[in-house]
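Just below is one structure, and these are the notes that go with it.
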Amino acid sequence: MGSSIYKIWPFAFEYVHPEAFWIFLIIPVIILWYLFQRNMEFKQIKLSSTDQFTRKKVNWIALLKHVNFGLFLIGLSYVILALARPHSPIDIDEYEKKNIEGIDIVISMDVSQSMLAEDLKPNRLEAAKEVAAQFIEDRPTDRIGLVLYEAEAYTQSPMTTDHELLLDQLGKVQTGMVTPGTAIGVGLITAVIRLAESDAKSKVVILMTDGLNNSGDIKPLEAAEIAKEKGICVYTIGVGAEGTAPTPIFGGFNMSMPVQIDEELLTDIANMTGGKYYRARNNTELKHIYKDIDRLEKSKVKVLDFKIDPPEKYYGFLIFGILLILGYKVIDNSALKSIP
C-alpha cells in the first residue's frame with residue numbers, strides 16, 4: 001500500500017488516513033452549539049409553575065434529548081473513524097513470504113607479520129579487513145564466520161548472522177597473536193571444519209594469504225580435498241604487489257621485502273573445489289575481487305507476494321455510525337418532535 005500506516009491507541013487497528021482524526025475537532029463546536037440552542041430555548045419558555053414549591057422530579061424528557069444527542073455524537077465519531085480507513089495490522093509473514101536460500105561463508109585470513117607490508121594502503125591487513133567488512137555488510141542474510149591463521153589457526157568468530165558482533169571481532173584482528181609462520185593448510189582445514197556440519201545448500205571459504213605455505217601439519221591440497229568431499233567451494237586470494245613491498249621490521253624501519261605468493265597452489269585449491277583464484281596487487285583489485293565473489297555467491301531469494309489487501313474494518317465503523325445518526329434523526333423527528 002502506498003499510503004502511510006499508523007497504529008492509533010486505544011484501537012487495535014492501523015489507519016491509512018490518520019489525518020481524518022482532525023475532523024474530531026468539530027465535535028466540541030457541535031457540543032457548544034447544542035448547549036447554546038438549549039439555553040436559548042429555555043430562556044424563551046416563561047410559564048407559570050409551582051415546581052419550586054414541590055419536590056424536584058427528574059426531567060426524563062430533557063434527559064432523553066441529551067441521550068439522543070449523545071447518540072448523534074457517537075455516530076459521528078464512528079463515521080470519522082471510518083474515514084480514517086482502519087484495518088487489521090498487517091502480518092508480513094502472511095502477506096509476503098520469502099524463501100531465502102542462505103549461504104554459509106567462512107573468511108580464512110592470513111594474519112602473519114608479512115601482512116603489515118605497505119604495498120596495499122595503509123597495509124595489507126587493514127586493507128583486507130576493510131573490504132571484508134564491506135562484504136559482510138552487503139550480505140545480511142548469510143551466516144559468516146572468521147578464521148585467522150599464522151603458523152596456527154583459530155576461530156575469531158563462529159558463523160553467525162549477528163554481523164554487528166562479527167564486525168566487532170573483525171576490527172580486533174591483528175598480527176602476532178599466535179606462533180609466527182604461514183600455515184595455509186591449517187587455515188583452510190579450520191574453516192572447512194567450521195562448515196562441515198552446516199546444512200546450508202551453499203558453503204564457501206574465502207582463503208586469503210600473502211605468502212608461501214611454510215608451517216602446519218596439514219598440507220594445503222589435503223585440506224582442499226576434504227573441502228571438495230564436503231561440498232565446500234574455496235575462493236583463494238593472493239595479496240601483494242609484484243616484485244617487492246615495503247615491510248616494517250623491528251625498530252620501526254621499513255625494508256623492501258620480496259613478494260612471494262604460491263599462485264600455482266592457490267589456483268589448484270580453487271580449481272579442485274569449484275572456486276576461483278584471484279590476485280590482489282592493490283586496494284582496488286582487492287575490492288573488485290570481493291565484489292566478484294559476492295556476485296558469484298549471491299543468496300537466492302524467492303519472494304511470494306500474494307498481493308492480498310489487509311482486512312478492511314471501516315465498513316463496520318461506517319455502518320454503525322450511520323445507524324446511530326439515523327436513529328438520532330428518527331427519535332428527534334418522532335418521539336421528541338413535539339416536545340420542547
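Letters for chains follow the order of the C-alpha cells (A, B, ...), residue numbers begin at 1 for each chain, and ligand numbers begin at 1 in the order shown.
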
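The protein and nucleic acid residues lying at most 8 Å from Asn214 in chain A are Ala151, Gly181, Thr182 and Ala183 of chain A, with only C-alpha atoms considered and sequence neighbours fewer than 3 positions away removed.
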
Within range 137-273 of chain A, find each residue whose DSSP state, derived from the backbone, is alpha helix (DSSP H), and express the selection as a PDB file with C-alpha atoms, in the first residue's frame.
```
ATOM      1  CA  GLU A 137      27.603  -5.703   5.417  1.00  0.00           C
ATOM      2  CA  HIS A 163      27.020  -9.190  11.749  1.00  0.00           C
ATOM      3  CA  GLU A 164      27.433  -6.376  14.253  1.00  0.00           C
ATOM      4  CA  LEU A 165      29.242  -8.788  16.559  1.00  0.00           C
ATOM      5  CA  LEU A 166      31.199 -10.231  13.630  1.00  0.00           C
ATOM      6  CA  LEU A 167      32.351  -6.782  12.508  1.00  0.00           C
ATOM      7  CA  ASP A 168      33.422  -6.015  16.060  1.00  0.00           C
ATOM      8  CA  GLN A 169      35.562  -9.162  16.094  1.00  0.00           C
ATOM      9  CA  LEU A 170      36.983  -8.318  12.666  1.00  0.00           C
ATOM     10  CA  GLY A 171      38.007  -4.904  13.940  1.00  0.00           C
ATOM     11  CA  ILE A 184      47.730 -22.288   4.610  1.00  0.00           C
ATOM     12  CA  GLY A 185      46.595 -25.885   5.042  1.00  0.00           C
ATOM     13  CA  VAL A 186      45.746 -25.355   8.727  1.00  0.00           C
ATOM     14  CA  GLY A 187      43.905 -22.120   7.930  1.00  0.00           C
ATOM     15  CA  LEU A 188      41.868 -23.891   5.267  1.00  0.00           C
ATOM     16  CA  ILE A 189      41.045 -27.046   7.260  1.00  0.00           C
ATOM     17  CA  THR A 190      39.939 -24.944  10.240  1.00  0.00           C
ATOM     18  CA  ALA A 191      37.472 -23.113   8.003  1.00  0.00           C
ATOM     19  CA  VAL A 192      36.323 -26.414   6.498  1.00  0.00           C
ATOM     20  CA  ILE A 193      35.659 -27.825   9.985  1.00  0.00           C
ATOM     21  CA  ARG A 194      33.525 -24.753  10.744  1.00  0.00           C
ATOM     22  CA  LEU A 195      31.423 -25.503   7.657  1.00  0.00           C
ATOM     23  CA  ALA A 196      31.397 -29.302   7.781  1.00  0.00           C
ATOM     24  CA  PRO A 220      47.013 -27.298   1.693  1.00  0.00           C
ATOM     25  CA  LEU A 221      45.949 -29.746  -1.046  1.00  0.00           C
ATOM     26  CA  GLU A 222      44.904 -32.320   1.565  1.00  0.00           C
ATOM     27  CA  ALA A 223      42.693 -29.690   3.161  1.00  0.00           C
ATOM     28  CA  ALA A 224      41.347 -28.802  -0.294  1.00  0.00           C
ATOM     29  CA  GLU A 225      40.496 -32.459  -0.919  1.00  0.00           C
ATOM     30  CA  ILE A 226      38.486 -32.585   2.302  1.00  0.00           C
ATOM     31  CA  ALA A 227      36.716 -29.352   1.324  1.00  0.00           C
ATOM     32  CA  LYS A 228      35.799 -30.930  -2.008  1.00  0.00           C
ATOM     33  CA  GLU A 229      34.383 -34.030  -0.284  1.00  0.00           C
ATOM     34  CA  GLU A 263      49.877 -18.814  -7.110  1.00  0.00           C
ATOM     35  CA  GLU A 264      50.036 -22.344  -8.507  1.00  0.00           C
ATOM     36  CA  LEU A 265      48.984 -23.801  -5.147  1.00  0.00           C
ATOM     37  CA  LEU A 266      46.184 -21.288  -4.670  1.00  0.00           C
ATOM     38  CA  THR A 267      44.931 -21.939  -8.199  1.00  0.00           C
ATOM     39  CA  ASP A 268      44.933 -25.704  -7.603  1.00  0.00           C
ATOM     40  CA  ILE A 269      42.959 -25.303  -4.357  1.00  0.00           C
ATOM     41  CA  ALA A 270      40.355 -23.155  -6.090  1.00  0.00           C
ATOM     42  CA  ASN A 271      40.053 -25.415  -9.146  1.00  0.00           C
ATOM     43  CA  MET A 272      39.795 -28.553  -7.025  1.00  0.00           C
ATOM     44  CA  THR A 273      36.833 -27.188  -5.039  1.00  0.00           C
TER      45      THR A 273
END
```

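Neighbouring residues of Val259 in chain A at 8 Å or closer, counting only C-alpha atoms and skipping chain neighbours under 6 positions away, are Asp210, Gly211, Gly240, Ala241, Glu242, Gly243, Thr244 and Ala245 of chain A.
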
Output file for the selection above: N, CA and C atoms, as a PDB file, in the first residue's frame:
```pdb
ATOM      1  N   ASP A 210      49.276 -13.959   1.822  1.00  0.00           N
ATOM      2  CA  ASP A 210      50.247 -13.136   1.079  1.00  0.00           C
ATOM      3  C   ASP A 210      51.593 -13.833   0.978  1.00  0.00           C
ATOM      4  N   GLY A 211      51.645 -15.139   1.307  1.00  0.00           N
ATOM      5  CA  GLY A 211      52.942 -15.807   1.315  1.00  0.00           C
ATOM      6  C   GLY A 211      52.895 -17.255   0.899  1.00  0.00           C
ATOM      7  N   GLY A 240      49.287  -8.977  -2.599  1.00  0.00           N
ATOM      8  CA  GLY A 240      50.628  -8.413  -2.669  1.00  0.00           C
ATOM      9  C   GLY A 240      50.974  -7.961  -4.075  1.00  0.00           C
ATOM     10  N   ALA A 241      51.755  -6.883  -4.140  1.00  0.00           N
ATOM     11  CA  ALA A 241      52.181  -6.345  -5.430  1.00  0.00           C
ATOM     12  C   ALA A 241      53.246  -7.239  -6.051  1.00  0.00           C
ATOM     13  N   GLU A 242      53.578  -6.956  -7.288  1.00  0.00           N
ATOM     14  CA  GLU A 242      54.650  -7.696  -7.970  1.00  0.00           C
ATOM     15  C   GLU A 242      56.007  -7.193  -7.465  1.00  0.00           C
ATOM     16  N   GLY A 243      56.971  -8.094  -7.403  1.00  0.00           N
ATOM     17  CA  GLY A 243      58.335  -7.683  -7.046  1.00  0.00           C
ATOM     18  C   GLY A 243      58.550  -7.616  -5.551  1.00  0.00           C
ATOM     19  N   THR A 244      58.739  -6.393  -5.042  1.00  0.00           N
ATOM     20  CA  THR A 244      58.997  -6.207  -3.621  1.00  0.00           C
ATOM     21  C   THR A 244      57.970  -5.264  -3.010  1.00  0.00           C
ATOM     22  N   ALA A 245      57.944  -5.243  -1.682  1.00  0.00           N
ATOM     23  CA  ALA A 245      56.996  -4.375  -0.976  1.00  0.00           C
ATOM     24  C   ALA A 245      57.639  -3.856   0.305  1.00  0.00           C
TER      25      ALA A 245
END
```

Item to check | Expected answer as number ranges by chain: strand (DSSP E) residues in range 72-282 of chain A | outcome: A: 86-87, 96-101, 103-110, 143-149, 153-160, 202-209, 232-239, 244-248, 254-258, 277-280

Checklist entry - Neighbours of range 296-298 of chain A within 12 Å (only C-alpha atoms; same-chain residues fewer than 4 positions away dropped), as a PyMOL selection string? => result chain A and resi 100-105+135+138-142+201-206+233-235+274-276+289-292

Checklist entry - What's the 10 Å shell around range 315-330 of chain A, counting only C-alpha atoms, without same-chain residues fewer than 4 positions away, as a list of chain:residue names? => result A:Lys65, A:Val67, A:Asn68, A:Phe69, A:Gly70, A:Leu71, A:Phe72, A:Leu73, A:Ile74, A:Gly75, A:Leu76, A:Ser77, A:Tyr78, A:Val79, A:Ile80, A:Leu81, A:Ala82, A:Leu83, A:Arg85, A:Pro86, A:His87, A:Ser334, A:Ala335, A:Leu336, A:Lys337

May I have the residues from that selection written out with C-alpha atoms, as a PDB file, in the first residue's frame?
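This went into out_20.pdb:
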```pdb
ATOM      1  CA  LYS A  65     -32.913  14.739  24.479  1.00  0.00           C
ATOM      2  CA  VAL A  67     -29.066  10.933  25.386  1.00  0.00           C
ATOM      3  CA  ASN A  68     -30.329  11.242  21.817  1.00  0.00           C
ATOM      4  CA  PHE A  69     -27.807  13.991  21.117  1.00  0.00           C
ATOM      5  CA  GLY A  70     -25.129  11.738  22.594  1.00  0.00           C
ATOM      6  CA  LEU A  71     -26.122   9.023  20.098  1.00  0.00           C
ATOM      7  CA  PHE A  72     -25.590  11.531  17.302  1.00  0.00           C
ATOM      8  CA  LEU A  73     -22.081  12.393  18.571  1.00  0.00           C
ATOM      9  CA  ILE A  74     -21.130   8.735  18.876  1.00  0.00           C
ATOM     10  CA  GLY A  75     -22.458   8.052  15.384  1.00  0.00           C
ATOM     11  CA  LEU A  76     -20.482  10.990  14.002  1.00  0.00           C
ATOM     12  CA  SER A  77     -17.340   9.702  15.758  1.00  0.00           C
ATOM     13  CA  TYR A  78     -17.708   6.303  14.109  1.00  0.00           C
ATOM     14  CA  VAL A  79     -18.131   7.918  10.693  1.00  0.00           C
ATOM     15  CA  ILE A  80     -14.896   9.864  11.262  1.00  0.00           C
ATOM     16  CA  LEU A  81     -13.138   6.650  12.251  1.00  0.00           C
ATOM     17  CA  ALA A  82     -14.404   5.063   9.035  1.00  0.00           C
ATOM     18  CA  LEU A  83     -12.921   7.949   7.022  1.00  0.00           C
ATOM     19  CA  ARG A  85      -9.736   3.672   6.928  1.00  0.00           C
ATOM     20  CA  PRO A  86      -8.981   1.300   9.824  1.00  0.00           C
ATOM     21  CA  HIS A  87      -7.784  -2.205   9.037  1.00  0.00           C
ATOM     22  CA  SER A 334     -40.918  11.458  16.129  1.00  0.00           C
ATOM     23  CA  ALA A 335     -40.865  10.972  19.893  1.00  0.00           C
ATOM     24  CA  LEU A 336     -39.173  14.338  20.575  1.00  0.00           C
ATOM     25  CA  LYS A 337     -40.598  16.435  17.737  1.00  0.00           C
TER      26      LYS A 337
END
```

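The coordinates place CA of Lys313 in chain A at 16.0 Å from CA of Phe21 in chain A.
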
Next on the checklist: Need to verify the contact set: Thr175 in chain A, 7 Å, only C-alpha atoms, exclusion of same-chain residues closer than 2 positions in sequence. Can you return it as a ChimeraX atom specification?
Outcome noted: /A:111-113,177

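Distances from A:Leu148, A:Ala84, A:Leu286, A:Ala127 to Ile23 in chain A were compared using only C-alpha atoms, and the smallest one belongs to A:Ala84.
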
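CA of Leu32 in chain A lies 23.6 Å from CA of Glu19 in chain A.
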
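Shell of Asn283 in chain A at 12 Å, with only C-alpha atoms counted and residues fewer than 5 places along the chain excluded, is Glu118, Asp119, Leu120, Lys121, Pro122, Asn123, Arg124, Leu125, Glu126, Ala127, Ala128, Lys129, Glu130, Val131, Ala132, Val239, Gly240, Ala241, His288, Ile289 and Tyr290 of chain A.
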
Based on the selection just made, write C-alpha atoms of those residues as a PDB file, in the first residue's frame.
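Resulting contents of selection35.pdb:
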```pdb
ATOM      1  CA  GLU A 118      52.521  -1.455   2.758  1.00  0.00           C
ATOM      2  CA  ASP A 119      52.047  -2.227  -0.933  1.00  0.00           C
ATOM      3  CA  LEU A 120      48.316  -2.009  -0.092  1.00  0.00           C
ATOM      4  CA  LYS A 121      47.286   1.024   1.954  1.00  0.00           C
ATOM      5  CA  PRO A 122      47.661   1.511   4.821  1.00  0.00           C
ATOM      6  CA  ASN A 123      48.878  -2.103   4.809  1.00  0.00           C
ATOM      7  CA  ARG A 124      47.692  -5.486   3.558  1.00  0.00           C
ATOM      8  CA  LEU A 125      45.962  -6.449   6.799  1.00  0.00           C
ATOM      9  CA  GLU A 126      43.981  -3.235   7.209  1.00  0.00           C
ATOM     10  CA  ALA A 127      43.009  -3.248   3.531  1.00  0.00           C
ATOM     11  CA  ALA A 128      41.837  -6.856   3.882  1.00  0.00           C
ATOM     12  CA  LYS A 129      39.803  -6.003   6.993  1.00  0.00           C
ATOM     13  CA  GLU A 130      38.171  -3.039   5.233  1.00  0.00           C
ATOM     14  CA  VAL A 131      36.963  -4.958   2.192  1.00  0.00           C
ATOM     15  CA  ALA A 132      35.926  -7.946   4.318  1.00  0.00           C
ATOM     16  CA  VAL A 239      47.547 -10.427  -1.678  1.00  0.00           C
ATOM     17  CA  GLY A 240      50.628  -8.413  -2.669  1.00  0.00           C
ATOM     18  CA  ALA A 241      52.181  -6.345  -5.430  1.00  0.00           C
ATOM     19  CA  HIS A 288      36.830  -5.871  -7.064  1.00  0.00           C
ATOM     20  CA  ILE A 289      37.675  -9.437  -6.002  1.00  0.00           C
ATOM     21  CA  TYR A 290      35.246  -9.351  -3.091  1.00  0.00           C
TER      22      TYR A 290
END
```

Next on the checklist: One number please: CA of Asp199 in chain A to CA of Tyr278 in chain A, in Å, one decimal.
Outcome noted: 27.4 Å
